[in-house]
Amino acid sequence: MTPTGKFSYLDELNDVQRQAVEATEGPVLVVAGPGSGKTRVLTYRIAHLLEKGAAPWDVLTLTFTNKAAREMKERIEKVVGPKANKVWAGTFHSTFARILRVEAEKIGYPSNFTIYDTEDSKSLLRTIVKEMNLDKNAYNINTVRSRISSAKSNLITPKLYVDNEELRSQDRMAKMPHVATIYGKYTARCKRSGAMDFDDLLYRLYELLQSNPDGVLDKYRKKFKYLLVDEFQDTNQLQYAIVRKLVNYDQSPRNICVVGDDAQSIYAFRGATIQNILDFEADFKPHGIRVFKLEQNYRSTDHIVQAANEVITYNRRQIQKKIWSDKGDGQRVKIIKAMTDAEEGRRVADTVLEQKNRYHLRNSDIAVLYRTNSQSRIFEEYLRRYNVHYQVFGGLSFYQRKEVKDLIAYLRLVVNPRDEEALRRVINFPKRGIGNTTIEKIGEIAASQGISFWEALPMAPASARAKKSIADFIQMIKGAALKIETANAFELAAYIAKRSGLADFLKNDTSIEGMGRLENFNALLDGINAFVEEDTVIDTETIPDKSLATYLQNIALLTDFDVKNADGEYVTLMSVHAAKGLEFKSIFVVGMEEKLFPSFMSMDTVEGLDEERRLFYVAITRAEQFLTLSYANSRYRFGQMRYNEPSRFLAEIPMNHVESTHAIPSSDRVENMATSAKVSGSFKRRTSANGPNSGFMTDPKTFKPSPNEKIQAGMKVLHLKFGEGKVLSIDGGQGNRVATIFFQKIDNPQRRIMLKFAKLQILD
DNA sequence: GTTGGTATCTGTGGA
DNA sequence: AGATACCAAC
């Protein structure tokens with residue numbers, strides 16, 4: 001079949017891709033390896049739907065980032081023209097917020113509800129923990145928040161939480177038995193404040209569809225005739241439950257297509273579960289699901305692809321697939337070892353320069369990826385020193401800066417005075433003589449009467465001066481709220497900036513940082529002005545509504561990515577998580593050390609390690625041509641020098657894909673241990689308690705050594721002392737063969753063993 | 001209520 | 001090291 005005429009875009013697809021695009025009716029699962037043209041399939045599929053006569057507004061595409069949604073729309077537009085803009089394509093959060101905006105009142109929320117960001121949530125939780133007189137050290141706010149978040153992501157309401165013995169006993173073991181109560185109070189407080197947190201945007205939509213007031217469920221089932229979900233491996237139970245509500249019912253055509261890669265699932269901490277992919281297959285099996293596997297990688301050269309393939313085999317469960325590339329062998333993986341984090345920074349920057357010169361790479365071809373955002377500093381330092389332009393993504397986004405959040409809090413308050421977190425933030429900033437005692441009293445009144453903080457404000461038993469301040473504050477907010485119908489968002493913001501004293505406060509701070517803050521503050525005002533003046537594309541939509549409420553609702557879901565200018569020539573610095581879906585000619589994955597990558601937080605469980613390994617898989621598969629991994633023997637953390645061993649992931653890359661001038665990490669380590677022990681007396685040698693000398697890992701009675709000639713790379717073998725291992729590679733001539741073997745259970749897992757002396761039993 | 005100094009704590013990822 | 005929480009003195 002040779003597609004002709006207007007279907008010519010089909011020519012740009014390989015066989016499997018085309019089948020996935022053309023299977024428009026009924027349930028479809030696309031398992032897409034890295035660089036396999038996943039986005040191309042999704043966009044062409046939508047284009048194909050439109051060409052075949054579907055109306056743009058019949059199609060709903062859910063992504064995880066605004067960037068992905070935006071990209072998709074742009075690419076659809078290239079194929080089908082401007083009607084692409086009428087397709088519903090957005091993030092789960094923004095799309096659901098948009099629907100909730102319309103339907104909120106059906107579930108007891110105002111349509112101008114506030115969206116609480118993580119800081120707001122944590123601040124509210126802190127208040128609740130305090131009010132309940134609980135020990136805030138026992139109730140770590142991040143832990144509490146994530147418990148509540150994952151409860152919501154698993155469809156567990158406060159009521160269900162109370163009755164859930166498993167969760168309750170986990171809480172008791174963690175010495176925080178009152179999480180259930182906190183969860184209940186938190187939910188009530190959000191509702192009373194007319195606020196939804198990020199999880200609520202999903203949960204409340206589910207609740208809406210579930211309770212189905214005024215046949216609202218049917219309305220959306222009819223509206224979205226085709227549903228597509230990107231990065232399905234990163235959905236949580238709640239998201240999948242919503243998807244099922246929308247498409248999986250009697251008489252439904254079940255036109256749903258989900259695209260994902262189990263090997264790239266890296267958001268389990270956010271409640272995502274690979275189980276969703278497996279469930280999807282089972283749930284739609286009775287309805288003729290079709291599964292397509294995209295296995296050809298168009299992004300990377302072979303050494304990189306094979307290294308990635310090999311690394312991921314160390315994970316337990318996975319959907320079988322073999323990613324391959326026909327782009328030639330390309331360069332081997334380069335490994336940089338450094339003594340200190342500073343040396344790592346310098347050598348990475350050196351290599352950046354070298355690659356720019358030798359291979360004529362541009363800054364924008366290069367990215368430095370790290371496990372934690374705090375690692376960015378040292379690379380910034382050296383790149384700046386070398387005069388290489390760079391851009392850091394992640395970390396504090398523009399909208400999270402204090403000066404920006406302060407003004408936004410005022411604006412939030414004008415739109416929704418019940419917004420307690422906004423109110424608490426600005427009631428005494430700039431200072432107007434309303435202190436903690438007064439604020440606490442107001443909180444108590446609100447709690448005892450079951451009213452919002454705002455409504456309790458005038459009842460505050462305070463000094464005459466404080467009362468006057470409060471009255472004035474109320475007046476200011478009410479005054480601004482009155483203008484909401486007549487003034488546009490910018491006029492209101494400018495008014496509040498002046499009237500609140502914020503603008504003056506910032507102008508009076510002449511320090512360097514203070515000037516920076518003023519700049520940000522003004523940039524925010526400019527941004528609001530631009531929103532009013534132009535057809536600003538904020539999310540993926542051209543927003544027709546210029547109200548302050550619309551503005552606030554949109555920026556609440558923006559991240560750093562969406563603000564930074566995407567053009568320009570700079571080296572990209574970002575976390576591995578943030579790099580998902582991106583590609584660069586040259587990738588540096590830095591900080592390849594035990595306890596950092598894999599993170600110490602994830603090291604004690606197999607599931608945790610598997611997720612870290614998938615994260616590493618994502619990192620290395622971002623590279624098209626050059627992949628450099630680096631680690632440092634020591635680095636500063638919390639003002640203290642810490643020593644780490646090279647990451648176990650390094651040892652999982654077979655030697656034949658690694659640049660040979662670099663010795664393997666485990667043998668490096670022996671040298672480095674010796675030198676650093678001399679240099680620094682405090683260096684702690686690993687105790688051998690569970691190391692190789694602590695005795696046999698294998699029962700000598702059942703151990704049957706195999707003939708050494710039979711040992712080959714890739715085999716699983718058993719060693720008397722070291723236990724089970726995997727032969728990574730074999731080198732050396734006949735009679736002198738040396739095997740590099742990875743033994744999972746020992747401290748320095750990668751070992752070089754002379755086969756003529758070794759006793760090894762082949763396991764498979 | 002506000003200010004400024006000191007103790008304490010933090011140890012991943014992000015919509 | 002850097003942010004935040006807490007506390008004593010104004």
# chains A, B, ... in the order shown; residues from 1 in each chain; ligands from 1
call {"tool": "closest_atom_pairs", "arguments": {"of": "chain C", "to": "chain A", "cutoff": "12 Å", "atoms": "only C-alpha atoms (C1' of nucleotides)", "output": "JSON lines"}}
result
{"residue": "C:DA1", "atom": "C1'", "partner": "A:Gly639", "partner_atom": "CA", "distance": 4.9}
{"residue": "C:DG2", "atom": "C1'", "partner": "A:Phe638", "partner_atom": "CA", "distance": 8.5}
{"residue": "C:DA3", "atom": "C1'", "partner": "A:Phe638", "partner_atom": "CA", "distance": 11.8}
{"residue": "C:DA5", "atom": "C1'", "partner": "A:Lys136", "partner_atom": "CA", "distance": 10.9}
call {"tool": "residues_around", "arguments": {"residues": "DA7 of chain B", "least_positions_apart": "5", "cutoff": "12 Å", "atoms": "only C-alpha atoms (C1' of nucleotides)", "output": "PyMOL selection string"}}
result
chain C and resi 4-7
call {"tool": "select_by_dssp", "arguments": {"residues": "segment 355-427 of chain A", "states": "alpha helix (DSSP H)", "output": "ChimeraX atom specification"}}
result
/A:355-359,376-385,402-415,420-426
call {"tool": "interface_residues", "arguments": {"of": "chain B", "to": "chain A", "cutoff": "7 Å", "atoms": "only C-alpha atoms (C1' of nucleotides)", "output": "ChimeraX atom specification"}}
result
/B:1,12-13,15
call {"tool": "write_last_selection", "arguments": {"atoms": "all heavy atoms", "output": "PDB file, in the first residue's frame"}}
result
ATOM      1  P    DG B   1       0.059  41.300  68.184  1.00  0.00           P
ATOM      2  OP1  DG B   1      -1.109  41.186  67.347  1.00  0.00           O
ATOM      3  OP2  DG B   1       0.874  40.099  68.428  1.00  0.00           O
ATOM      4  O5'  DG B   1       0.932  42.401  67.487  1.00  0.00           O
ATOM      5  C5'  DG B   1       2.043  42.799  68.183  1.00  0.00           C
ATOM      6  C4'  DG B   1       2.881  43.597  67.243  1.00  0.00           C
ATOM      7  O4'  DG B   1       4.017  43.977  68.002  1.00  0.00           O
ATOM      8  C3'  DG B   1       3.431  42.815  66.056  1.00  0.00           C
ATOM      9  O3'  DG B   1       3.918  43.743  65.081  1.00  0.00           O
ATOM     10  C2'  DG B   1       4.579  42.063  66.698  1.00  0.00           C
ATOM     11  C1'  DG B   1       5.083  43.076  67.723  1.00  0.00           C
ATOM     12  N9   DG B   1       5.444  42.450  69.008  1.00  0.00           N
ATOM     13  C8   DG B   1       4.786  41.476  69.712  1.00  0.00           C
ATOM     14  N7   DG B   1       5.412  41.129  70.810  1.00  0.00           N
ATOM     15  C5   DG B   1       6.546  41.940  70.822  1.00  0.00           C
ATOM     16  C6   DG B   1       7.599  42.027  71.753  1.00  0.00           C
ATOM     17  O6   DG B   1       7.746  41.391  72.784  1.00  0.00           O
ATOM     18  N1   DG B   1       8.534  42.983  71.376  1.00  0.00           N
ATOM     19  C2   DG B   1       8.454  43.759  70.256  1.00  0.00           C
ATOM     20  N2   DG B   1       9.431  44.623  70.052  1.00  0.00           N
ATOM     21  N3   DG B   1       7.476  43.689  69.377  1.00  0.00           N
ATOM     22  C4   DG B   1       6.566  42.755  69.716  1.00  0.00           C
ATOM     23  P    DT B  12      18.404  15.404  49.301  1.00  0.00           P
ATOM     24  OP1  DT B  12      19.630  15.707  48.573  1.00  0.00           O
ATOM     25  OP2  DT B  12      17.348  16.419  49.499  1.00  0.00           O
ATOM     26  O5'  DT B  12      17.885  14.095  48.597  1.00  0.00           O
ATOM     27  C5'  DT B  12      16.748  14.071  47.913  1.00  0.00           C
ATOM     28  C4'  DT B  12      17.019  14.287  46.435  1.00  0.00           C
ATOM     29  O4'  DT B  12      16.821  13.047  45.768  1.00  0.00           O
ATOM     30  C3'  DT B  12      15.951  15.217  45.915  1.00  0.00           C
ATOM     31  O3'  DT B  12      16.464  15.831  44.746  1.00  0.00           O
ATOM     32  C2'  DT B  12      14.804  14.298  45.637  1.00  0.00           C
ATOM     33  C1'  DT B  12      15.450  12.943  45.382  1.00  0.00           C
ATOM     34  N1   DT B  12      14.796  11.922  46.177  1.00  0.00           N
ATOM     35  C2   DT B  12      14.847  10.631  45.737  1.00  0.00           C
ATOM     36  O2   DT B  12      15.444  10.310  44.740  1.00  0.00           O
ATOM     37  N3   DT B  12      14.174   9.737  46.524  1.00  0.00           N
ATOM     38  C4   DT B  12      13.454  10.004  47.677  1.00  0.00           C
ATOM     39  O4   DT B  12      12.894   9.124  48.290  1.00  0.00           O
ATOM     40  C5   DT B  12      13.456  11.385  48.101  1.00  0.00           C
ATOM     41  C7   DT B  12      12.727  11.760  49.329  1.00  0.00           C
ATOM     42  C6   DT B  12      14.108  12.254  47.339  1.00  0.00           C
ATOM     43  P    DG B  13      15.597  17.013  44.180  1.00  0.00           P
ATOM     44  OP1  DG B  13      16.548  17.918  43.531  1.00  0.00           O
ATOM     45  OP2  DG B  13      14.612  17.550  45.132  1.00  0.00           O
ATOM     46  O5'  DG B  13      14.782  16.212  43.077  1.00  0.00           O
ATOM     47  C5'  DG B  13      15.438  15.748  41.909  1.00  0.00           C
ATOM     48  C4'  DG B  13      14.424  14.987  41.099  1.00  0.00           C
ATOM     49  O4'  DG B  13      14.058  13.816  41.823  1.00  0.00           O
ATOM     50  C3'  DG B  13      13.147  15.785  40.863  1.00  0.00           C
ATOM     51  O3'  DG B  13      13.185  16.355  39.558  1.00  0.00           O
ATOM     52  C2'  DG B  13      12.051  14.746  40.957  1.00  0.00           C
ATOM     53  C1'  DG B  13      12.680  13.591  41.694  1.00  0.00           C
ATOM     54  N9   DG B  13      12.147  13.394  43.033  1.00  0.00           N
ATOM     55  C8   DG B  13      11.761  14.361  43.934  1.00  0.00           C
ATOM     56  N7   DG B  13      11.314  13.886  45.059  1.00  0.00           N
ATOM     57  C5   DG B  13      11.417  12.513  44.898  1.00  0.00           C
ATOM     58  C6   DG B  13      11.080  11.461  45.783  1.00  0.00           C
ATOM     59  O6   DG B  13      10.617  11.548  46.911  1.00  0.00           O
ATOM     60  N1   DG B  13      11.345  10.222  45.219  1.00  0.00           N
ATOM     61  C2   DG B  13      11.869  10.013  43.976  1.00  0.00           C
ATOM     62  N2   DG B  13      12.046   8.761  43.600  1.00  0.00           N
ATOM     63  N3   DG B  13      12.189  10.982  43.136  1.00  0.00           N
ATOM     64  C4   DG B  13      11.933  12.201  43.652  1.00  0.00           C
ATOM     65  P    DA B  15       7.089  19.600  36.329  1.00  0.00           P
ATOM     66  OP1  DA B  15       7.686  19.279  35.032  1.00  0.00           O
ATOM     67  OP2  DA B  15       7.374  20.891  36.984  1.00  0.00           O
ATOM     68  O5'  DA B  15       5.504  19.444  36.225  1.00  0.00           O
ATOM     69  C5'  DA B  15       4.974  18.321  35.549  1.00  0.00           C
ATOM     70  C4'  DA B  15       3.508  18.213  35.912  1.00  0.00           C
ATOM     71  O4'  DA B  15       3.407  17.814  37.292  1.00  0.00           O
ATOM     72  C3'  DA B  15       2.727  19.517  35.786  1.00  0.00           C
ATOM     73  O3'  DA B  15       1.414  19.248  35.326  1.00  0.00           O
ATOM     74  C2'  DA B  15       2.682  20.057  37.212  1.00  0.00           C
ATOM     75  C1'  DA B  15       2.677  18.777  38.039  1.00  0.00           C
ATOM     76  N9   DA B  15       3.335  18.893  39.332  1.00  0.00           N
ATOM     77  C8   DA B  15       4.464  19.590  39.656  1.00  0.00           C
ATOM     78  N7   DA B  15       4.832  19.463  40.915  1.00  0.00           N
ATOM     79  C5   DA B  15       3.878  18.616  41.444  1.00  0.00           C
ATOM     80  C6   DA B  15       3.701  18.079  42.730  1.00  0.00           C
ATOM     81  N6   DA B  15       4.511  18.319  43.755  1.00  0.00           N
ATOM     82  N1   DA B  15       2.638  17.268  42.934  1.00  0.00           N
ATOM     83  C2   DA B  15       1.828  17.014  41.899  1.00  0.00           C
ATOM     84  N3   DA B  15       1.894  17.451  40.649  1.00  0.00           N
ATOM     85  C4   DA B  15       2.952  18.259  40.485  1.00  0.00           C
TER      86       DA B  15
END
call {"tool": "residues_around", "arguments": {"residues": "Phe292 of chain A", "least_positions_apart": "3", "cutoff": "7 Å", "atoms": "only C-alpha atoms (C1' of nucleotides)", "output": "number ranges by chain"}}
result
A: 16, 20, 29-31
call {"tool": "atom_distance", "arguments": {"atom1": "atom C1' of DG14 of chain B", "atom2": "atom CA of Arg401 of chain A"}}
result
16.4 Å
call {"tool": "atom_distance", "arguments": {"atom1": "atom CA of Thr61 of chain A", "atom2": "atom CA of Tyr226 of chain A"}}
result
8.4 Å
call {"tool": "atom_distance", "arguments": {"atom1": "atom CA of Thr181 of chain A", "atom2": "atom CA of Ser121 of chain A"}}
result
15.6 Å
call {"tool": "decode", "arguments": {"residues": "chain B", "atoms": "C-alpha atoms (C1' of nucleotides)", "output": "CSV table (one decimal), in the first residue's frame"}}
result
chain,number,residue,atom,x,y,z
B,1,DG,C1',5.1,43.1,67.7
B,2,DT,C1',9.5,43.3,65.9
B,3,DT,C1',14.4,42.5,65.6
B,4,DG,C1',18.4,39.9,65.4
B,5,DG,C1',21.1,36.2,66.8
B,6,DT,C1',21.6,31.2,67.6
B,7,DA,C1',20.2,26.3,67.5
B,8,DT,C1',18.4,22.9,64.5
B,9,DC,C1',17.5,20.5,60.6
B,10,DT,C1',17.9,19.1,56.1
B,11,DG,C1',19.9,13.9,52.9
B,12,DT,C1',15.4,12.9,45.4
B,13,DG,C1',12.7,13.6,41.7
B,14,DG,C1',8.0,17.5,39.9
B,15,DA,C1',2.7,18.8,38.0
